[in-house]
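Trainee: Just one file: run-v8.txt, with compact mmCIF, C-alpha atoms.
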# COMPACT_ATOMS: atom_id res chain seq x y z
CA MET A 1 97.96 121.14 142.51
CA LEU A 2 97.86 120.28 146.19
CA SER A 3 99.18 122.89 148.55
CA LYS A 4 100.33 121.92 151.99
CA SER A 5 102.06 123.99 154.61
CA SER A 6 102.65 122.93 158.20
CA SER A 7 100.14 120.09 157.73
CA ASN A 8 97.45 122.54 156.55
CA TRP A 9 95.60 122.00 153.28
CA VAL A 10 94.40 124.51 150.69
CA ALA A 11 91.72 122.97 148.50
CA LYS A 12 89.82 124.47 145.56
CA LEU A 13 86.95 123.18 143.47
CA ASN A 14 85.44 124.84 140.37
CA LEU A 15 82.20 123.59 138.88
CA ASN A 16 80.27 124.73 135.81
CA ILE A 17 76.89 123.33 134.87
CA GLN A 18 75.84 124.19 131.33
CA CYS A 19 72.69 123.45 129.36
CA ALA A 20 72.77 122.08 125.82
CA ASP A 21 69.61 120.86 124.09
CA GLY A 22 67.84 120.64 127.44
CA HIS A 23 70.64 118.54 128.99
CA SER A 24 72.39 120.04 132.04
CA ARG A 25 76.02 118.91 131.95
CA LEU A 26 78.93 119.31 134.34
CA ILE A 27 81.61 120.85 132.11
CA ASN A 28 85.33 120.40 132.81
CA PRO A 29 85.31 120.49 136.64
CA SER A 30 88.68 121.36 138.12
CA HIS A 31 90.11 120.85 141.58
CA SER A 32 93.24 121.17 143.64
CA GLY A 33 93.74 119.64 147.05
CA PRO A 34 91.34 117.27 148.81
CA LEU A 35 88.07 118.29 147.14
CA ARG A 36 86.45 116.10 144.52
CA VAL A 37 83.20 115.82 142.64
CA GLN A 38 81.48 112.66 141.46
CA LYS A 39 79.95 112.34 138.02
CA PRO A 40 76.43 113.79 137.82
CA PHE A 41 73.35 111.69 138.41
CA TYR A 42 70.02 112.26 136.65
CA PRO A 43 67.23 110.75 138.78
CA GLU A 44 64.85 113.47 137.54
CA GLY A 45 65.83 113.38 133.89
CA ARG A 46 68.60 114.96 131.84
CA SER A 47 67.44 118.53 132.46
CA LEU A 48 68.63 118.53 136.11
CA ALA A 49 72.05 117.33 137.26
CA HIS A 50 72.51 115.99 140.80
CA VAL A 51 76.14 116.53 141.84
CA TYR A 52 77.93 115.26 144.97
CA ILE A 53 80.92 117.10 146.42
CA VAL A 54 83.35 114.84 148.27
CA HIS A 55 86.00 115.86 150.79
CA PRO A 56 88.12 112.69 151.22
CA PRO A 57 89.79 113.64 154.55
CA GLY A 58 86.35 113.77 156.16
CA GLY A 59 87.14 116.80 158.29
CA VAL A 60 89.09 120.05 158.42
CA VAL A 61 91.41 121.57 161.02
CA GLY A 62 92.72 125.01 161.83
CA GLY A 63 94.78 126.45 159.01
CA ASP A 64 92.90 124.53 156.31
CA GLN A 65 91.26 126.53 153.51
CA LEU A 66 88.41 125.32 151.29
CA TYR A 67 87.25 127.29 148.27
CA ILE A 68 84.29 126.19 146.15
CA GLU A 69 83.08 128.11 143.09
CA MET A 70 79.97 127.05 141.21
CA LEU A 71 78.63 128.53 137.99
CA VAL A 72 75.20 127.51 136.74
CA SER A 73 75.03 128.82 133.20
CA LYS A 74 71.98 130.14 131.33
CA ASN A 75 69.00 127.74 131.42
CA ALA A 76 71.00 125.07 133.29
CA LYS A 77 69.66 123.25 136.34
CA GLY A 78 71.72 121.81 139.17
CA LEU A 79 71.40 120.29 142.62
CA VAL A 80 74.53 119.93 144.75
CA THR A 81 74.87 118.10 148.05
CA THR A 82 77.45 116.24 150.14
CA PRO A 83 77.53 112.56 151.14
CA GLY A 84 78.09 113.24 154.84
CA ALA A 85 78.50 115.84 157.55
CA THR A 86 81.39 118.29 157.43
CA LYS A 87 83.46 118.10 160.63
CA ILE A 88 85.51 121.07 161.81
CA TYR A 89 87.97 119.85 164.42
CA ARG A 90 89.57 121.74 167.28
CA SER A 91 92.68 123.73 166.41
CA GLU A 92 95.65 125.36 168.06
CA SER A 93 94.19 128.86 167.65
CA LYS A 94 94.54 128.54 163.86
CA LYS A 95 91.56 129.68 161.82
CA MET A 96 89.96 127.50 159.18
CA ILE A 97 88.53 129.30 156.13
CA VAL A 98 85.58 128.15 154.02
CA LYS A 99 84.43 130.24 151.06
CA GLN A 100 81.62 129.14 148.74
CA THR A 101 80.56 131.25 145.76
CA MET A 102 77.57 130.34 143.59
CA THR A 103 76.66 132.23 140.44
CA LEU A 104 73.39 131.67 138.62
CA GLU A 105 73.05 133.08 135.13
CA GLU A 106 69.79 134.02 133.45
CA GLN A 107 66.97 131.47 133.91
CA ALA A 108 69.24 129.04 135.77
CA THR A 109 68.02 127.05 138.77
CA PHE A 110 70.22 125.79 141.59
CA GLU A 111 69.70 123.89 144.84
CA TRP A 112 72.47 123.88 147.45
CA LEU A 113 71.61 121.17 149.99
CA PRO A 114 74.72 120.12 151.94
CA GLN A 115 74.50 117.93 154.98
CA GLU A 116 75.22 119.44 158.38
CA THR A 117 78.42 121.07 159.61
CA ILE A 118 79.64 119.95 163.05
CA ILE A 119 81.93 122.41 164.81
CA PHE A 120 83.97 120.72 167.53
CA ASP A 121 84.82 122.45 170.79
CA GLY A 122 88.01 124.45 170.33
CA ALA A 123 87.51 125.08 166.59
CA SER A 124 88.04 128.42 164.89
CA VAL A 125 86.34 128.98 161.53
CA ASP A 126 85.49 131.80 159.15
CA SER A 127 82.79 130.74 156.67
CA THR A 128 81.29 132.73 153.79
CA THR A 129 78.60 131.64 151.35
CA LYS A 130 77.77 134.09 148.55
CA VAL A 131 75.00 133.53 146.03
CA ASN A 132 74.86 135.68 142.88
CA LEU A 133 71.45 135.54 141.19
CA GLY A 134 70.82 136.48 137.56
CA ASN A 135 67.59 137.52 135.85
CA ASN A 136 64.80 134.98 136.32
CA SER A 137 67.12 132.55 138.13
CA LYS A 138 65.81 130.44 141.00
CA TYR A 139 67.59 129.27 144.14
CA ILE A 140 66.96 127.12 147.21
CA GLY A 141 69.74 126.50 149.70
CA TRP A 142 70.30 125.63 153.33
CA GLU A 143 72.99 125.51 155.98
CA VAL A 144 72.70 123.42 159.16
CA VAL A 145 75.32 124.03 161.87
CA CYS A 146 75.87 122.17 165.15
CA PHE A 147 78.06 123.69 167.86
CA GLY A 148 79.81 120.91 169.73
CA ARG A 149 78.73 117.28 169.77
CA PRO A 150 75.58 116.96 171.89
CA GLY A 151 75.43 113.20 171.42
CA ALA A 152 78.86 112.86 173.01
CA GLY A 153 78.14 115.39 175.75
CA GLU A 154 80.52 117.95 174.21
CA VAL A 155 79.57 121.64 174.51
CA PHE A 156 81.14 124.36 172.38
CA LYS A 157 82.98 126.30 175.10
CA HIS A 158 86.19 127.35 173.38
CA GLY A 159 86.70 128.71 169.90
CA PHE A 160 85.48 131.30 167.45
CA VAL A 161 82.99 131.10 164.58
CA ARG A 162 82.17 133.75 161.99
CA MET A 163 79.48 132.98 159.41
CA ASN A 164 78.47 135.14 156.45
CA LEU A 165 75.57 134.31 154.14
CA GLU A 166 74.95 136.71 151.26
CA ILE A 167 72.35 136.84 148.48
CA TRP A 168 73.02 139.18 145.55
CA ARG A 169 71.05 139.87 142.40
CA ASN A 170 72.64 141.51 139.37
CA ASP A 171 75.58 142.58 141.56
CA LEU A 172 73.35 144.28 144.13
CA PRO A 173 72.93 142.92 147.69
CA VAL A 174 69.39 141.78 148.54
CA TRP A 175 70.00 139.87 151.79
CA MET A 176 73.02 139.77 154.10
CA ASP A 177 73.39 137.68 157.24
CA ARG A 178 76.56 138.07 159.29
CA ALA A 179 76.98 136.38 162.65
CA VAL A 180 79.88 136.01 165.07
CA TYR A 181 79.93 133.35 167.79
CA PRO A 182 82.81 134.04 170.21
CA THR A 183 83.15 131.91 173.33
CA GLU A 184 85.29 134.53 175.03
CA SER A 185 82.32 136.82 175.71
CA GLU A 186 81.04 137.05 179.25
CA ASN A 187 79.28 133.83 180.23
CA ASN A 188 79.12 132.88 176.56
CA SER A 189 75.96 135.03 176.41
CA ILE A 190 75.25 134.51 172.71
CA PHE A 191 74.99 130.76 173.30
CA GLN A 192 72.97 130.95 176.51
CA ALA A 193 70.73 134.02 176.24
CA ALA A 194 67.19 133.94 174.88
CA TRP A 195 68.16 136.55 172.28
CA GLY A 196 70.91 134.18 171.06
CA LEU A 197 70.85 130.40 170.78
CA ASN A 198 69.04 129.93 174.10
CA SER A 199 71.31 127.00 175.07
CA SER A 200 70.50 125.20 171.81
CA PRO A 201 73.47 123.75 169.90
CA VAL A 202 71.91 123.68 166.42
CA ILE A 203 71.13 126.63 164.18
CA ALA A 204 69.97 126.36 160.57
CA THR A 205 68.91 128.67 157.76
CA LEU A 206 67.07 127.95 154.51
CA ILE A 207 66.94 130.56 151.75
CA ALA A 208 64.73 130.54 148.66
CA SER A 209 64.28 133.14 145.93
CA PRO A 210 62.30 134.50 144.20
CA CYS A 211 59.32 133.91 146.48
CA ASN A 212 56.14 135.76 147.35
CA GLN A 213 53.67 135.91 150.20
CA GLN A 214 51.48 133.23 148.63
CA MET A 215 54.43 130.81 148.65
CA GLN A 216 55.21 131.62 152.26
CA GLU A 217 51.60 131.10 153.28
CA GLY A 218 51.51 127.87 151.29
CA LEU A 219 53.99 126.24 153.67
CA THR A 220 52.08 124.16 156.20
CA GLU A 221 53.12 124.54 159.81
CA GLN A 222 55.98 122.25 160.75
CA GLN A 223 55.24 119.93 163.64
CA LEU A 224 58.36 120.03 165.82
CA GLU A 225 58.54 118.39 169.20
CA LYS A 226 61.54 120.54 170.10
CA GLY A 227 63.25 123.59 168.72
CA ASN A 228 61.95 126.79 167.18
CA TYR A 229 61.05 127.38 163.54
CA SER A 230 60.04 130.58 161.77
CA THR A 231 59.78 132.08 158.28
CA SER A 232 60.06 135.63 157.00
CA LEU A 233 59.86 137.24 153.57
CA ILE A 234 62.33 140.02 152.79
CA GLU A 235 61.44 141.44 149.38
CA ASP A 236 61.41 138.21 147.34
CA VAL A 237 63.80 136.27 149.59
CA LEU A 238 62.17 133.65 151.83
CA VAL A 239 64.18 133.01 155.00
CA CYS A 240 63.44 129.98 157.19
CA ARG A 241 65.17 129.67 160.57
CA TYR A 242 65.55 126.77 162.96
CA ILE A 243 67.11 126.74 166.43
CA GLY A 244 67.05 123.53 168.43
CA ALA A 245 68.88 120.56 169.86
CA CYS A 246 69.14 118.13 166.96
CA THR A 247 70.59 118.24 163.44
CA GLN A 248 68.30 115.39 162.38
CA GLU A 249 65.28 117.43 163.43
CA ALA A 250 66.58 120.52 161.62
CA ARG A 251 67.18 118.54 158.42
CA ALA A 252 63.78 116.86 158.66
CA CYS A 253 62.15 120.28 159.07
CA PHE A 254 63.99 121.76 156.09
CA LEU A 255 63.39 118.66 153.96
CA GLU A 256 59.67 119.08 154.52
CA ILE A 257 59.86 122.80 153.66
CA TRP A 258 61.88 121.99 150.53
CA SER A 259 59.36 119.32 149.53
CA GLN A 260 56.51 121.84 149.80
CA LEU A 261 58.36 124.81 148.32
CA ARG A 262 60.01 123.09 145.36
CA PRO A 263 56.82 122.48 143.34
CA MET A 264 55.77 126.12 143.83
CA LEU A 265 59.14 127.66 142.96
CA MET A 266 60.65 125.20 140.50
CA SER A 267 57.65 123.20 139.26
CA ARG A 268 59.25 119.96 140.46
CA SER A 269 58.15 117.44 143.04
CA SER A 270 60.65 116.49 145.74
CA CYS A 271 63.34 114.00 144.77
CA PRO A 272 65.85 113.61 147.62
CA PRO A 273 69.39 112.72 146.46
CA ARG A 274 70.07 109.00 146.70
CA ILE A 275 73.27 109.59 148.66
CA TRP A 276 71.18 110.65 151.66
CA ASN A 277 69.97 107.05 152.01
CA THR A 278 73.46 105.53 152.34
Rewrite the structure of this file - the entire thing - as structure tokens.

Mentor:
Amino acid sequence: MLSKSSSNWVAKLNLNIQCADGHSRLINPSHSGPLRVQKPFYPEGRSLAHVYIVHPPGGVVGGDQLYIEMLVSKNAKGLVTTPGATKIYRSESKKMIVKQTMTLEEQATFEWLPQETIIFDGASVDSTTKVNLGNNSKYIGWEVVCFGRPGAGEVFKHGFVRMNLEIWRNDLPVWMDRAVYPTESENNSIFQAAWGLNSSPVIATLIASPCNQQMQEGLTEQQLEKGNYSTSLIEDVLVCRYIGACTQEARACFLEIWSQLRPMLMSRSSCPPRIWNT
């Protein structure tokens, strides 16, 4: 059922990928509000489902709420992406909420590869992504965020952004990343200072688990003309960071990392979703 109050939307999407006889199937997806999912594609065979999440309005405003829950059942394999960038428009001091919860059961594999999120000047958003890993499950996921619209000369000067990214295993936290980006701070220091974004509008994070030092060392150095890129290994969680000026560069960097990491972690060569070419 669609909920609307004062022109604000509350949307929910529930997905469950199950494995039967080696075939990963999307079972009885449910939604309310403007969130949809297309039927799965199988460019890599029936064992891995490629799923596209669609948000028909094309953007969200203050007061909107988006909730996505994904369950990848035992032995199932899924890859989820989006057909285009998510746009978060300016609001009248109303906060927009995004909450994404992903649960991987035993021996499940999941890849969360959405396209970038563009946060317009004047937007206010609270975003949480929580990944629950089961025994012997495998995960690769990324988030690419652009503050403002550099191509249009728009700088993120007004607004508030809170972003939480959490990795749990068997109900215990293994990696937590919580960041707040307020524009009301003196001179917008977090956006300008070297310890913050260093005047760069794009920040991106890629997470993969379980990984080891050999996997980290197996990633060849990324050749970036601009921006900064680094990797770190926290227990068995590989964290890749990018800060720079361009979402296309961030995505190209992470696509190359994914292409190198995927064979080592999931025994699969890279197979970019077809929707990225449209």

Trainee: At most 10 Å is the cut-off: for each residue in stretch 157-265 of chain A with any atom that close to an atom of stretch 76-93 of chain A, write down the nearest atom pair and the distance in Å rounded to one decimal, counting all atoms listed in the file, chain first then increasing number, as a Markdown table.

Mentor:
| residue | atom | partner | partner_atom | distance |
| --- | --- | --- | --- | --- |
| A:His158 | CA | A:Arg90 | CA | 9.0 |
| A:Gly159 | CA | A:Ser93 | CA | 7.8 |
| A:Phe160 | CA | A:Ser93 | CA | 9.0 |

Trainee: Counting only C-alpha atoms, which residues come within 12 Å of (76.1, 145.9, 139.2), with the point read in the file's coordinates, and could you list them as a ChimeraX atom specification?

Mentor: /A:132-134,168-173

Trainee: Report as a list in words all protein, DNA and RNA residues lying within 9 Å of A:Lys99, evaluated on all atoms listed in the file, omitting residues in the same chain fewer than 2 positions from it.

Mentor: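 So, after excluding close chain neighbours, the residues are Gln65, Leu66, Tyr67, Ile68, Glu69, Ile97, Thr101, Asp126, Ser127, Thr128, Thr129 and Lys130 of chain A.
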
Trainee: Would you list the contacts of A:Arg46 as an MDAnalysis selection string, taking every protein, DNA or RNA residue within 7 Å and counting all atoms listed in the file, but skipping same-chain residues closer than 3 positions in sequence?

Mentor: chainID A and resid 23:24 42 49

Trainee: Just checking: using all atoms listed in the file, which residue out of A:Ser32, A:Thr231, A:Gln115, A:Asn75 ends up closest to A:Trp276?

Mentor: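 Of the candidates, the smallest distance to A:Trp276 is held by A:Gln115.
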
Trainee: Can you pull out every residue within 7 Å of A:Lys94, counting all atoms listed in the file, but drop anything in the same chain fewer than 6 positions away, and send it as a list in words?

Mentor: Gly62, Gly63 and Ser124 of chain A

Trainee: Grab the atom CA of A:Val61 to atom CA of A:Pro201 distance for me, in Å with one decimal place.

Mentor: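 Taking atom CA of A:Val61 and atom CA of A:Pro201, their separation equals 20.1 Å.
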
Trainee: Name the residues in contact with A:Gln38 at a cut-off of 9 Å, using all atoms listed in the file, excluding same-chain residues fewer than 3 positions from it; report them as a PyMOL selection string.

Mentor: chain A and resi 41+51-54
